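Student: Pasting coords11.csv here (CSV, C-alpha atoms):
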chain,number,residue,atom,x,y,z
A,358,ASN,CA,-8.8,19.0,-1.3
A,359,ALA,CA,-10.1,15.7,-0.1
A,360,GLY,CA,-7.9,12.7,-0.4
A,361,VAL,CA,-8.9,9.1,-1.3
A,362,MET,CA,-12.0,8.4,0.7
A,363,GLN,CA,-12.9,4.8,1.7
A,364,ASN,CA,-15.9,3.7,3.6
A,365,PRO,CA,-16.8,2.2,5.8
A,366,ARG,CA,-13.7,2.3,8.0
A,367,HIS,CA,-14.8,-0.9,9.7
A,368,LEU,CA,-17.2,-3.5,8.3
A,369,VAL,CA,-18.4,-6.6,10.2
A,370,ARG,CA,-20.1,-9.4,8.3
A,371,ARG,CA,-21.1,-12.9,9.2
A,372,ARG,CA,-20.0,-15.8,7.0
A,373,GLY,CA,-22.1,-16.0,3.9
A,374,GLN,CA,-23.0,-12.4,3.8
A,375,GLU,CA,-21.9,-9.9,1.1
A,376,ALA,CA,-19.4,-7.1,1.7
A,377,ARG,CA,-19.3,-3.9,-0.3
A,378,LEU,CA,-16.4,-1.6,0.1
A,379,ARG,CA,-16.4,1.9,-1.5
A,380,CYS,CA,-13.6,4.0,-2.7
A,381,SER,CA,-13.9,7.6,-4.0
A,382,PRO,CA,-10.6,8.6,-5.7
A,383,MET,CA,-9.0,12.0,-5.4
A,384,LYS,CA,-10.5,14.7,-7.5
A,385,GLY,CA,-9.1,14.5,-11.1
A,386,HIS,CA,-8.0,10.9,-10.7
A,387,SER,CA,-9.4,8.3,-13.1
A,388,HIS,CA,-7.3,5.3,-12.1
A,389,VAL,CA,-8.1,3.2,-9.1
A,390,TYR,CA,-6.2,0.3,-7.5
A,391,TRP,CA,-7.3,-2.1,-4.8
A,392,TYR,CA,-4.9,-3.8,-2.4
A,393,ARG,CA,-5.5,-6.3,0.4
A,394,GLN,CA,-3.5,-6.7,3.6
A,395,LEU,CA,-4.0,-10.0,5.3
A,396,PRO,CA,-3.0,-10.3,9.0
A,397,GLU,CA,0.8,-10.5,9.3
A,398,GLU,CA,1.4,-9.9,5.6
A,399,GLY,CA,2.2,-7.0,3.3
A,400,LEU,CA,-0.3,-5.3,1.0
A,401,LYS,CA,-1.1,-7.4,-2.1
A,402,PHE,CA,-2.3,-5.9,-5.4
A,403,MET,CA,-5.8,-7.1,-6.3
A,404,VAL,CA,-7.1,-5.0,-9.2
A,405,TYR,CA,-6.6,-1.9,-11.4
A,406,LEU,CA,-9.5,-0.1,-12.9
A,407,GLN,CA,-10.1,2.9,-15.0
A,408,LYS,CA,-13.6,4.4,-15.5
A,409,GLU,CA,-15.9,1.6,-16.7
A,410,ASN,CA,-12.9,-0.7,-17.4
A,411,ILE,CA,-11.1,-3.4,-15.5
A,412,ILE,CA,-7.5,-3.1,-16.7
A,413,ASP,CA,-5.8,-5.8,-14.6
A,414,GLU,CA,-7.5,-8.1,-12.2
A,415,SER,CA,-4.6,-10.6,-11.9
A,416,GLY,CA,-4.4,-10.3,-8.1
A,417,MET,CA,-8.1,-10.8,-7.4
A,418,PRO,CA,-9.4,-14.2,-6.4
A,419,LYS,CA,-11.4,-15.7,-9.3
A,420,GLU,CA,-14.5,-16.5,-7.2
A,421,ARG,CA,-16.7,-14.3,-5.0
A,422,PHE,CA,-14.7,-11.1,-5.6
A,423,SER,CA,-15.6,-8.4,-8.2
A,424,ALA,CA,-14.7,-4.8,-8.7
A,425,GLU,CA,-16.2,-1.9,-10.7
A,426,PHE,CA,-15.5,1.7,-11.3
A,427,PRO,CA,-18.6,3.2,-12.9
A,428,LYS,CA,-18.8,6.4,-14.9
A,429,GLU,CA,-20.4,8.1,-12.0
A,430,GLY,CA,-19.9,7.3,-8.4
A,431,PRO,CA,-17.2,5.5,-6.4
A,432,SER,CA,-15.3,2.3,-7.1
A,433,ILE,CA,-16.8,-0.7,-5.4
A,434,LEU,CA,-15.1,-3.9,-4.3
A,435,ARG,CA,-17.7,-6.6,-3.7
A,436,ILE,CA,-17.1,-9.8,-1.9
A,437,GLN,CA,-19.9,-12.3,-2.0
A,438,GLN,CA,-20.5,-15.1,0.5
A,439,VAL,CA,-17.7,-13.9,2.8
A,440,VAL,CA,-15.5,-16.4,4.7
A,441,ARG,CA,-13.3,-15.9,7.7
A,442,GLY,CA,-10.2,-15.9,5.5
A,443,ASP,CA,-11.5,-12.7,3.8
A,444,SER,CA,-10.9,-10.8,7.1
A,445,ALA,CA,-8.3,-8.2,6.2
A,446,ALA,CA,-7.6,-4.5,5.6
A,447,TYR,CA,-8.6,-3.4,2.1
A,448,PHE,CA,-6.8,-0.3,0.7
A,449,CYS,CA,-7.8,1.7,-2.3
A,450,ALA,CA,-5.4,4.0,-4.1
A,451,SER,CA,-5.9,6.4,-7.0
A,452,SER,CA,-3.7,8.2,-9.6
A,453,PRO,CA,-4.3,10.7,-12.3
A,454,GLY,CA,-2.8,8.4,-15.0
A,455,LEU,CA,0.0,5.9,-15.7
A,456,THR,CA,2.8,8.4,-16.0
A,457,ASP,CA,4.9,8.5,-12.8
A,458,THR,CA,2.2,6.5,-11.3
A,459,ASN,CA,4.0,5.7,-8.1
A,460,GLU,CA,4.8,9.4,-7.3
A,461,LYS,CA,1.2,10.4,-7.8
A,462,LEU,CA,-0.3,7.4,-6.1
A,463,PHE,CA,-2.5,8.3,-3.1
A,464,PHE,CA,-3.9,5.7,-0.7
A,465,GLY,CA,-7.0,5.8,1.4
A,466,SER,CA,-7.1,4.9,5.1
A,467,GLY,CA,-8.5,1.4,4.3
A,468,THR,CA,-11.5,-0.6,5.3
A,469,GLN,CA,-11.0,-3.2,7.9
A,470,LEU,CA,-13.3,-6.2,7.2
A,471,SER,CA,-14.0,-8.6,9.9
A,472,VAL,CA,-15.9,-11.8,9.2
A,473,LEU,CA,-17.5,-13.5,12.2
H,1399,GLY,CA,8.3,-13.5,-8.4
H,1400,ASN,CA,8.9,-10.3,-6.5
H,1401,SER,CA,9.1,-10.1,-2.7
H,1402,VAL,CA,10.0,-7.6,0.0
H,1403,THR,CA,11.3,-8.5,3.5
H,1404,GLN,CA,11.5,-5.9,6.2
H,1405,MET,CA,12.5,-6.1,9.8
H,1406,GLU,CA,9.9,-7.2,12.3
H,1407,GLY,CA,8.3,-4.6,14.6
H,1408,PRO,CA,7.3,-3.0,16.7
H,1409,VAL,CA,10.2,-0.7,17.2
H,1410,THR,CA,10.2,1.7,20.1
H,1411,LEU,CA,12.8,4.5,20.3
H,1412,SER,CA,13.4,7.5,22.5
H,1413,GLU,CA,13.2,10.9,20.9
H,1414,GLU,CA,16.4,11.9,19.0
H,1415,ALA,CA,17.6,8.3,18.7
H,1416,PHE,CA,18.9,6.9,15.5
H,1417,LEU,CA,16.6,4.8,13.4
H,1418,THR,CA,17.3,2.0,11.0
H,1419,ILE,CA,14.6,-0.2,9.4
H,1420,ASN,CA,16.0,-2.9,7.3
H,1421,CYS,CA,14.5,-3.9,4.0
H,1422,THR,CA,15.7,-6.5,1.4
H,1423,TYR,CA,14.1,-7.5,-1.8
H,1424,THR,CA,14.0,-10.1,-4.5
H,1425,ALA,CA,12.9,-9.2,-8.0
H,1426,THR,CA,13.0,-10.8,-11.4
H,1427,GLY,CA,14.0,-7.5,-13.1
H,1428,TYR,CA,15.5,-4.2,-12.1
H,1429,PRO,CA,12.9,-2.6,-9.8
H,1430,SER,CA,12.2,0.8,-8.4
H,1431,LEU,CA,12.2,0.9,-4.6
H,1432,PHE,CA,10.0,2.9,-2.2
H,1433,TRP,CA,9.3,3.6,1.4
H,1434,TYR,CA,5.7,4.4,2.3
H,1435,VAL,CA,4.5,5.7,5.7
H,1436,GLN,CA,1.1,5.4,7.3
H,1437,TYR,CA,0.4,7.7,10.2
H,1438,PRO,CA,-2.4,6.7,12.6
H,1439,GLY,CA,-5.8,7.0,11.0
H,1440,GLU,CA,-4.5,8.0,7.6
H,1441,GLY,CA,-3.7,6.3,4.2
H,1442,LEU,CA,-0.2,5.3,3.1
H,1443,GLN,CA,1.9,8.1,1.8
H,1444,LEU,CA,5.0,7.9,-0.4
H,1445,LEU,CA,8.0,8.9,1.8
H,1446,LEU,CA,10.9,8.4,-0.6
H,1447,LYS,CA,11.9,6.5,-3.6
H,1448,ALA,CA,15.0,5.4,-5.7
H,1449,THR,CA,14.9,4.1,-9.2
H,1450,LYS,CA,18.5,2.9,-9.9
H,1451,ALA,CA,21.5,1.4,-8.1
H,1452,ASP,CA,23.3,3.8,-5.7
H,1453,ASP,CA,20.5,6.3,-5.8
H,1454,LYS,CA,19.7,7.8,-2.5
H,1455,GLY,CA,16.1,8.8,-1.8
H,1456,SER,CA,15.5,11.3,1.0
H,1457,ASN,CA,12.6,13.2,2.5
H,1458,LYS,CA,11.8,14.7,6.0
H,1459,GLY,CA,15.2,13.7,7.3
H,1460,PHE,CA,14.8,10.1,6.2
H,1461,GLU,CA,17.2,8.5,3.8
H,1462,ALA,CA,17.5,5.1,2.0
H,1463,THR,CA,20.1,4.0,-0.6
H,1464,TYR,CA,19.4,1.5,-3.4
H,1465,ARG,CA,22.0,-1.2,-2.9
H,1466,LYS,CA,21.8,-3.6,-5.8
H,1467,GLU,CA,24.8,-5.7,-4.7
H,1468,THR,CA,23.0,-6.5,-1.4
H,1469,THR,CA,19.5,-6.1,-2.7
H,1470,SER,CA,18.7,-3.8,0.1
H,1471,PHE,CA,17.0,-0.4,0.7
H,1472,HIS,CA,17.3,0.3,4.4
H,1473,LEU,CA,15.5,3.3,5.9
H,1474,GLU,CA,17.5,5.6,8.2
H,1475,LYS,CA,17.0,8.8,10.2
H,1476,GLY,CA,19.5,10.4,12.4
H,1477,SER,CA,17.2,11.8,15.1
H,1478,VAL,CA,13.6,10.6,15.3
H,1479,GLN,CA,10.8,12.7,16.7
H,1480,VAL,CA,7.5,11.7,18.3
H,1481,SER,CA,5.7,12.8,15.2
H,1482,ASP,CA,7.6,10.0,13.3
H,1483,SER,CA,5.5,7.4,15.1
H,1484,ALA,CA,3.8,5.5,12.2
H,1485,VAL,CA,3.9,2.2,10.3
H,1486,TYR,CA,6.6,2.1,7.6
H,1487,PHE,CA,6.3,0.0,4.5
H,1488,CYS,CA,9.1,-0.9,2.1
H,1489,ALA,CA,7.9,-1.6,-1.5
H,1490,LEU,CA,9.1,-2.3,-5.0
H,1491,SER,CA,7.6,-2.1,-8.5
H,1492,ASP,CA,8.7,-3.4,-11.8
H,1493,ARG,CA,9.4,-0.9,-14.6
H,1494,GLY,CA,7.4,-0.4,-17.7
H,1495,ALA,CA,3.9,-1.7,-18.2
H,1496,GLY,CA,3.6,-3.3,-14.8
H,1497,SER,CA,4.9,-0.5,-12.8
H,1498,TYR,CA,1.6,0.2,-11.1
H,1499,GLN,CA,1.8,-3.0,-9.2
H,1500,LEU,CA,3.6,-2.5,-5.9
H,1501,THR,CA,4.9,-5.4,-3.9
H,1502,PHE,CA,5.0,-4.4,-0.2
H,1503,GLY,CA,6.7,-5.7,2.9
H,1504,LYS,CA,4.7,-6.4,6.0
H,1505,GLY,CA,5.3,-3.0,7.6
H,1506,THR,CA,7.2,-2.0,10.7
H,1507,LYS,CA,5.5,-0.1,13.4
H,1508,LEU,CA,7.6,2.6,15.0
H,1509,SER,CA,6.8,4.3,18.3
H,1510,VAL,CA,8.8,7.2,19.4
H,1511,ILE,CA,8.5,8.2,23.1
H,1512,PRO,CA,9.5,11.6,24.5
Translate the structure of the given file into structure tokens.
Tutor:
Amino acid sequence: NAGVMQNPRHLVRRRGQEARLRCSPMKGHSHVYWYRQLPEEGLKFMVYLQKENIIDESGMPKERFSAEFPKEGPSILRIQQVVRGDSAAYFCASSPGLTDTNEKLFFGSGTQLSVL
Amino acid sequence: GNSVTQMEGPVTLSEEAFLTINCTYTATGYPSLFWYVQYPGEGLQLLLKATKADDKGSNKGFEATYRKETTSFHLEKGSVQVSDSAVYFCALSDRGAGSYQLTFGKGTKLSVIP
């Protein structure tokens, strides 16, 4: 029973390039959450998605960042024209629904993005 | 807004030592409180939780008590093992519609040496 799978584990990009981070939720989970951990800080909520819908993107920067969770395939967090300040660990989590979300919330191992 | 402050790491202990990791919070409402653990190379896992004042969450020998009067949720374990080496995160969430949004502390790295 595979857990939440994130790839790549490490991603290196030069300033101005695009970064695409993938997250495959646990089997049977239809809710996905993205968090970002900047150096020396705690994880910060970015966005909550259900299949084909963005439910809450209140934590996501308004520019350059976008997220999707298509009907088929993994959830994608996309960062356009990356800057050094985007260097962080990006964590994805999934749950089967909203009921008892935090007890049934499972996290991936994260993607460490480094911008040169 | 909500925030969580936990003690700075890293913390290094000998096996069988007593562990305390302090956590305090500020919240606009009456939050639920959590401790998550991240073992090397793995994702965060829920370790324990408490949803109301004076509740004690416990799991795997770890305990934490929801103290509303001191806005604290300190993690304790009486006798740590090498296998407890990990990063520990204190977190809170609001109740109701916004409960899926967790606010985390910075994490405390624990290393237990034989």
Student: So, counting only C-alpha atoms, which residue among H:Phe1471, H:Tyr1464, H:Tyr1434, H:Tyr1428 is closest to chain A?
Tutor: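 Smallest separation from chain A among the options: H:Tyr1434.
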Student: List as a Markdown table every residue of chain H that is in contact with chain A, defined as an atom at most 7 Å from one of its atoms (using only C-alpha atoms), together with the nearest atom pair and the distance in Å rounded to one decimal, sorted by chain and then rising number.
Tutor:
| residue | atom | partner | partner_atom | distance |
| --- | --- | --- | --- | --- |
| H:Gly1439 | CA | A:Ser466 | CA | 6.4 |
| H:Glu1440 | CA | A:Ser466 | CA | 4.8 |
| H:Gly1441 | CA | A:Ser466 | CA | 3.8 |
| H:Leu1442 | CA | A:Phe464 | CA | 5.3 |
| H:Gln1443 | CA | A:Phe463 | CA | 6.6 |
| H:Tyr1498 | CA | A:Thr458 | CA | 6.3 |
| H:Gln1499 | CA | A:Phe402 | CA | 6.3 |
| H:Leu1500 | CA | A:Phe402 | CA | 6.8 |
| H:Thr1501 | CA | A:Lys401 | CA | 6.6 |
| H:Phe1502 | CA | A:Gly399 | CA | 5.2 |
| H:Gly1503 | CA | A:Gly399 | CA | 4.7 |
| H:Lys1504 | CA | A:Gly399 | CA | 3.7 |
| H:Gly1505 | CA | A:Gly399 | CA | 6.6 |
Student: Please provide the set of residues having any atom within 9 Å of H:Leu1508, restricted to only C-alpha atoms, with same-chain residues fewer than 2 positions apart removed, written as a VMD selection string.
Tutor: chain H and resid 1407 to 1411 1482 to 1486 1506 1510
Student: Need the shell around stretch 368-378 of chain A: protein/DNA/RNA residues with any atom at most 9 Å away, counting only C-alpha atoms. Skip same-chain ones fewer than 2 positions apart. Format as JSON, numbers by chain?
Tutor: {"A": [363, 364, 365, 366, 380, 432, 433, 434, 435, 436, 437, 438, 439, 440, 441, 447, 468, 469, 470, 471, 472, 473]}
Student: Go through H:Ser1470, H:Ser1509, H:Ser1491, H:Ser1456 one by one, measure the shortest atom-to-atom distance of each to H:Thr1426 using all atoms listed in the file, and give the residue with the smallest value.
Tutor: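 When distances to H:Thr1426 are compared using all atoms listed in the file, the smallest one comes from H:Ser1491.
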Student: Applying 7 Å and all atoms listed in the file, which residues near H:Asp1492 remain after dropping the ones on its own chain fewer than 6 positions away? List them as a PDB file with C-alpha atoms, in the frame of the given file.
Tutor:
ATOM      1  CA  GLY H1427      14.000  -7.500 -13.100  1.00  0.00           C
ATOM      2  CA  TYR H1428      15.500  -4.200 -12.100  1.00  0.00           C
ATOM      3  CA  PRO H1429      12.900  -2.600  -9.800  1.00  0.00           C
ATOM      4  CA  SER H1430      12.200   0.800  -8.400  1.00  0.00           C
TER       5      SER H1430
END
Student: Would you compute the distance between atom CA of H:Gln1404 and atom CA of H:Ile1511? Give it in Å to one decimal.
Tutor: 22.2 Å
Student: Just give me the gap between atom CA of A:Phe426 and atom CA of A:Ala445 in Å, one decimal is fine.
Tutor: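 Distance reported for this atom pair: 21.4 Å.
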Student: Could you tell me which of H:Phe1460, H:Phe1487, H:Lys1507, H:Gly1399 comes closest to H:Cys1421 if we count all atoms listed in the file?
Tutor: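 Among the listed residues, H:Phe1487 lies closest to H:Cys1421.
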Student: Applying 7 Å and all atoms listed in the file, which residues near H:Phe1432 remain after dropping the ones on its own chain fewer than 2 positions away? List them as a compact mmCIF listing (two decimals) with C-alpha atoms, in the coordinates of the input.
Tutor:
# COMPACT_ATOMS: atom_id res chain seq x y z
CA SER H 1430 12.20 0.80 -8.40
CA TYR H 1434 5.70 4.40 2.30
CA LEU H 1446 10.90 8.40 -0.60
CA LYS H 1447 11.90 6.50 -3.60
CA ALA H 1448 15.00 5.40 -5.70
CA CYS H 1488 9.10 -0.90 2.10
CA ALA H 1489 7.90 -1.60 -1.50
CA LEU H 1490 9.10 -2.30 -5.00
Student: Work out how far atom CA of A:Arg393 is from atom CA of H:Gly1455, in Å to one decimal.
Tutor: 26.4 Å
Student: At the level of N, CA, C and O atoms, write stretch 431-461 of chain A to a file as a compact mmCIF listing (two decimals), in the first residue's frame, please.
Tutor:
# COMPACT_ATOMS: atom_id res chain seq x y z
N PRO A 431 -1.20 12.66 -11.41
CA PRO A 431 -0.85 13.27 -10.13
C PRO A 431 -1.24 14.74 -10.04
O PRO A 431 -1.57 15.38 -11.04
N SER A 432 -1.17 15.26 -8.85
CA SER A 432 -1.29 16.70 -8.64
C SER A 432 0.05 17.34 -9.00
O SER A 432 1.11 16.76 -8.75
N ILE A 433 -0.01 18.50 -9.60
CA ILE A 433 1.19 19.21 -10.02
C ILE A 433 1.21 20.58 -9.36
O ILE A 433 0.22 21.31 -9.41
N LEU A 434 2.34 20.90 -8.77
CA LEU A 434 2.60 22.27 -8.31
C LEU A 434 3.62 22.84 -9.28
O LEU A 434 4.71 22.29 -9.45
N ARG A 435 3.26 23.96 -9.91
CA ARG A 435 4.10 24.53 -10.95
C ARG A 435 4.57 25.91 -10.50
O ARG A 435 3.76 26.74 -10.05
N ILE A 436 5.86 26.13 -10.63
CA ILE A 436 6.42 27.44 -10.29
C ILE A 436 7.13 27.96 -11.54
O ILE A 436 8.10 27.36 -12.03
N GLN A 437 6.64 29.05 -12.05
CA GLN A 437 7.24 29.64 -13.25
C GLN A 437 8.29 30.68 -12.85
O GLN A 437 8.19 31.31 -11.79
N GLN A 438 9.29 30.80 -13.70
CA GLN A 438 10.34 31.83 -13.52
C GLN A 438 10.85 31.84 -12.08
O GLN A 438 10.78 32.86 -11.38
N VAL A 439 11.39 30.73 -11.66
CA VAL A 439 11.80 30.58 -10.26
C VAL A 439 12.85 31.61 -9.88
O VAL A 439 13.67 32.05 -10.70
N VAL A 440 12.80 31.98 -8.60
CA VAL A 440 13.78 32.89 -8.01
C VAL A 440 14.40 32.18 -6.82
O VAL A 440 13.88 31.16 -6.35
N ARG A 441 15.52 32.73 -6.31
CA ARG A 441 16.22 32.07 -5.22
C ARG A 441 15.32 31.89 -3.99
O ARG A 441 15.44 30.91 -3.27
N GLY A 442 14.42 32.83 -3.79
CA GLY A 442 13.54 32.75 -2.63
C GLY A 442 12.54 31.60 -2.69
O GLY A 442 11.86 31.33 -1.70
N ASP A 443 12.44 30.95 -3.85
CA ASP A 443 11.56 29.78 -3.96
C ASP A 443 12.22 28.52 -3.44
O ASP A 443 11.56 27.47 -3.30
N SER A 444 13.52 28.58 -3.16
CA SER A 444 14.23 27.41 -2.63
C SER A 444 13.61 27.01 -1.30
O SER A 444 13.53 27.80 -0.36
N ALA A 445 13.13 25.78 -1.24
CA ALA A 445 12.41 25.32 -0.05
C ALA A 445 12.11 23.83 -0.22
O ALA A 445 12.34 23.25 -1.28
N ALA A 446 11.56 23.25 0.85
CA ALA A 446 11.02 21.90 0.76
C ALA A 446 9.53 22.01 0.56
O ALA A 446 8.85 22.74 1.29
N TYR A 447 9.01 21.32 -0.44
CA TYR A 447 7.58 21.36 -0.76
C TYR A 447 6.99 19.99 -0.41
O TYR A 447 7.42 18.96 -0.95
N PHE A 448 6.01 20.01 0.49
CA PHE A 448 5.38 18.77 0.94
C PHE A 448 3.96 18.69 0.42
O PHE A 448 3.22 19.67 0.40
N CYS A 449 3.60 17.49 0.03
CA CYS A 449 2.24 17.20 -0.38
C CYS A 449 1.63 16.26 0.65
O CYS A 449 2.32 15.42 1.24
N ALA A 450 0.34 16.43 0.89
CA ALA A 450 -0.39 15.52 1.78
C ALA A 450 -1.70 15.15 1.11
O ALA A 450 -2.19 15.88 0.24
N SER A 451 -2.25 14.02 1.51
CA SER A 451 -3.56 13.64 0.96
C SER A 451 -4.45 13.07 2.05
O SER A 451 -3.96 12.62 3.10
N SER A 452 -5.74 13.13 1.81
CA SER A 452 -6.71 12.56 2.73
C SER A 452 -7.88 12.03 1.93
O SER A 452 -8.11 12.46 0.78
N PRO A 453 -8.66 11.11 2.51
CA PRO A 453 -9.79 10.56 1.77
C PRO A 453 -10.97 11.53 1.70
O PRO A 453 -11.82 11.40 0.83
N GLY A 454 -11.03 12.47 2.64
CA GLY A 454 -12.14 13.41 2.65
C GLY A 454 -11.90 14.42 3.74
O GLY A 454 -10.83 14.50 4.32
N LEU A 455 -12.96 15.20 4.07
CA LEU A 455 -12.79 16.24 5.08
C LEU A 455 -13.04 15.73 6.49
O LEU A 455 -12.57 16.29 7.43
N THR A 456 -13.78 14.66 6.62
CA THR A 456 -14.09 14.15 7.96
C THR A 456 -12.84 13.66 8.64
O THR A 456 -12.07 12.89 8.08
N ASP A 457 -12.59 14.12 9.88
CA ASP A 457 -11.39 13.70 10.61
C ASP A 457 -10.14 13.87 9.76
O ASP A 457 -9.26 13.02 9.74
N THR A 458 -10.08 14.97 9.05
CA THR A 458 -9.00 15.16 8.08
C THR A 458 -7.64 14.95 8.70
O THR A 458 -6.78 14.29 8.14
N ASN A 459 -7.41 15.52 9.87
CA ASN A 459 -6.07 15.49 10.39
C ASN A 459 -5.65 14.11 10.85
O ASN A 459 -4.47 13.80 10.89
N GLU A 460 -6.59 13.26 11.21
CA GLU A 460 -6.21 11.90 11.59
C GLU A 460 -5.91 11.06 10.37
O GLU A 460 -5.18 10.07 10.47
N LYS A 461 -6.48 11.42 9.24
CA LYS A 461 -6.29 10.62 8.03
C LYS A 461 -5.50 11.39 6.99
O LYS A 461 -5.66 11.18 5.80
